[in-house]
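Trainee: Pasting a structure here, questions to come.
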Amino acid sequence: MRRPERFAEVLREEIMEIVGYELDDPRLLSVTVTDVIVSANLRDAKVFVLVEGSESEIRDALKALGHAAPFVKQQVALNLNVRYAPHLHFVRDTVEERANRIEQLLGEIGQGENLLKDE
């Protein structure tokens with residue numbers, strides 16, 4: 001495993017801890033850090049988050065994460081004992097949402113096929 005990938009996994013676990021336990025923002029209660037991708041030079045990190053709720057709740061949570069990013073970066077630097085923590089970019093993870101939508105569509109197709117068989 002290459003260094004950026006190893007660092008990304010450690011970073012994901014640390015950010016998950018910070019967001020889950022150190023931030024006292026009620027908008028972040030339903031946030032789960034799903035993945036982190038770190039640039040080759042380790043200066044930038046794209047943090048994928050899954051947020052449960054309505055579209056407005058998701059927007060509010062991403063906005064809160066954007067405001068909390070400097071604090072999270074500082075905590076990462078302190079907790080991991082690194083001189084330079086990467087700049088954090090919080091991004092909505094839509095993979096699970098897409099998977100749920102595909103499942104729903106496949107279910108509808110299956111129901112349509114069952115209706116055709118019954119005729």
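Chains: A, B, ... in order of the structure tokens. Residues: from 1 per chain. Ligands: from 1, in order shown.
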What are the nearest atom pairs, with distances in Å to one decimal, for all residues of region 36-101 of chain A that come at most 9 Å from region 8-28 of chain A, using only C-alpha atoms, set out by chain and rising residue number as CSV?
Mentor:
```
residue,atom,partner,partner_atom,distance
A:Val36,CA,A:Ala8,CA,5.4
A:Ile37,CA,A:Ala8,CA,5.9
A:Val38,CA,A:Ala8,CA,5.7
A:Leu42,CA,A:Ala8,CA,9.0
A:Ala45,CA,A:Ala8,CA,7.8
A:Val47,CA,A:Arg12,CA,7.6
A:Val51,CA,A:Leu28,CA,8.2
A:Glu57,CA,A:Arg27,CA,7.2
A:Ile58,CA,A:Arg27,CA,8.6
A:Asp60,CA,A:Arg27,CA,6.6
A:Ala61,CA,A:Arg27,CA,5.2
A:Leu62,CA,A:Leu28,CA,8.5
A:Ala64,CA,A:Arg27,CA,7.1
A:Leu65,CA,A:Leu28,CA,7.7
A:Ala68,CA,A:Leu23,CA,8.1
A:Val72,CA,A:Ile18,CA,6.7
A:Lys73,CA,A:Ile15,CA,8.6
A:Gln75,CA,A:Ile18,CA,7.5
A:Val76,CA,A:Glu14,CA,6.7
A:Asn79,CA,A:Glu14,CA,7.9
A:Leu80,CA,A:Glu14,CA,8.1
```
Trainee: Quick one: distance from CA of Glu103 (chain A) to CA of Leu50 (chain A) in Å, one decimal?
Mentor: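 Distance reported for this atom pair: 18.0 Å.
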Trainee: List the spatial neighbours of Arg43 (chain A) as a short mmCIF file (atom, residue, chain, number, x, y, z; two decimals) with N, CA and C atoms, in the first residue's frame - criterion: any atom at most 10 Å away, only C-alpha atoms, same-chain residues fewer than 5 positions off excluded.
Mentor:
```
data_model
loop_
_atom_site.label_atom_id
_atom_site.label_comp_id
_atom_site.auth_asym_id
_atom_site.auth_seq_id
_atom_site.Cartn_x
_atom_site.Cartn_y
_atom_site.Cartn_z
N VAL A 38 -6.32 11.22 -0.41
CA VAL A 38 -5.26 12.21 -0.18
C VAL A 38 -4.47 12.39 -1.46
N TYR A 84 2.43 19.05 9.00
CA TYR A 84 1.47 19.66 8.09
C TYR A 84 0.29 18.71 7.88
N ALA A 85 -0.84 19.10 8.38
CA ALA A 85 -2.06 18.33 8.11
C ALA A 85 -2.59 18.79 6.76
N PRO A 86 -3.19 17.91 6.00
CA PRO A 86 -3.73 18.31 4.70
C PRO A 86 -4.92 19.24 4.83
N HIS A 87 -5.12 20.05 3.81
CA HIS A 87 -6.31 20.90 3.74
C HIS A 87 -7.49 19.98 3.46
N LEU A 88 -8.54 20.07 4.26
CA LEU A 88 -9.67 19.15 4.17
C LEU A 88 -10.80 19.73 3.33
#
```
Trainee: List every residue of chain A that DSSP, applied to the backbone of this structure, assigns to strand (DSSP E), and report them as a PyMOL selection string.
Mentor: chain A and resi 31-38+44-51+87-92
Trainee: Hey, can you spit out that residue selection with C-alpha atoms as a short mmCIF file (atom, residue, chain, number, x, y, z; two decimals), in the first residue's frame?
Mentor:
```cif
data_model
loop_
_atom_site.label_atom_id
_atom_site.label_comp_id
_atom_site.auth_asym_id
_atom_site.auth_seq_id
_atom_site.Cartn_x
_atom_site.Cartn_y
_atom_site.Cartn_z
CA VAL A 31 -22.61 12.49 9.59
CA THR A 32 -20.48 9.44 8.79
CA VAL A 33 -17.03 9.70 7.23
CA THR A 34 -16.95 7.02 4.53
CA ASP A 35 -13.68 7.60 2.71
CA VAL A 36 -10.70 9.92 2.39
CA ILE A 37 -8.58 10.44 -0.70
CA VAL A 38 -5.26 12.21 -0.18
CA ASP A 44 -5.03 18.06 0.21
CA ALA A 45 -7.59 15.52 1.32
CA LYS A 46 -11.06 14.95 -0.06
CA VAL A 47 -13.23 13.68 2.80
CA PHE A 48 -16.36 11.84 1.68
CA VAL A 49 -19.24 12.01 4.14
CA LEU A 50 -22.62 10.37 4.24
CA VAL A 51 -25.34 12.51 5.80
CA HIS A 87 -6.31 20.90 3.74
CA LEU A 88 -9.67 19.15 4.17
CA HIS A 89 -12.39 19.30 1.53
CA PHE A 90 -15.65 17.76 2.75
CA VAL A 91 -17.71 16.21 -0.06
CA ARG A 92 -21.07 14.47 -0.04
#
```
Trainee: Per DSSP on the backbone, filter region 40-107 of chain A down to the residues in alpha helix (DSSP H) and report them as a CSV table (one decimal) with C-alpha atoms, in the first residue's frame.
Mentor:
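Dumped to result-v1.csv:
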```
chain,number,residue,atom,x,y,z
A,55,GLU,CA,-31.7,17.9,1.3
A,56,SER,CA,-31.7,21.0,3.5
A,57,GLU,CA,-30.3,19.0,6.5
A,58,ILE,CA,-27.5,17.6,4.2
A,59,ARG,CA,-26.7,21.1,3.0
A,60,ASP,CA,-26.6,22.4,6.5
A,61,ALA,CA,-24.3,19.6,7.6
A,62,LEU,CA,-21.9,20.1,4.8
A,63,LYS,CA,-21.9,23.9,5.6
A,64,ALA,CA,-21.1,23.1,9.2
A,65,LEU,CA,-18.3,20.8,8.2
A,66,GLY,CA,-16.9,23.5,6.0
A,67,HIS,CA,-16.8,25.9,8.9
A,68,ALA,CA,-15.3,23.2,11.2
A,69,ALA,CA,-12.6,22.2,8.7
A,70,PRO,CA,-9.9,24.4,10.2
A,71,PHE,CA,-10.5,23.0,13.7
A,72,VAL,CA,-10.6,19.5,12.4
A,73,LYS,CA,-7.3,20.1,10.5
A,74,GLN,CA,-5.7,21.4,13.7
A,75,GLN,CA,-6.9,18.5,15.7
A,76,VAL,CA,-5.6,16.0,13.1
A,77,ALA,CA,-2.2,17.7,13.2
A,78,LEU,CA,-2.1,17.5,17.0
A,79,ASN,CA,-3.5,14.0,17.3
A,80,LEU,CA,-1.4,12.4,14.5
A,95,VAL,CA,-22.5,6.2,-3.7
A,96,GLU,CA,-24.9,4.7,-1.2
A,97,GLU,CA,-27.7,7.0,-2.3
A,98,ARG,CA,-27.2,5.8,-5.9
A,99,ALA,CA,-27.2,2.2,-4.8
A,100,ASN,CA,-30.5,2.7,-2.9
A,101,ARG,CA,-32.0,4.3,-6.0
A,102,ILE,CA,-30.8,1.4,-8.3
A,103,GLU,CA,-32.2,-1.1,-5.8
A,104,GLN,CA,-35.6,0.8,-5.8
A,105,LEU,CA,-35.6,0.8,-9.6
A,106,LEU,CA,-34.8,-2.9,-9.8
A,107,GLY,CA,-37.6,-3.6,-7.3
```
Trainee: Can you work out which one of A:Gln111, A:Asn81, A:Ser30, A:Asn41 has the shortest atom-to-atom distance to Ser54 (chain A), counting only C-alpha atoms?
Mentor: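 Looking only at the distances to Ser54 (chain A), the closest residue turns out to be A:Ser30.
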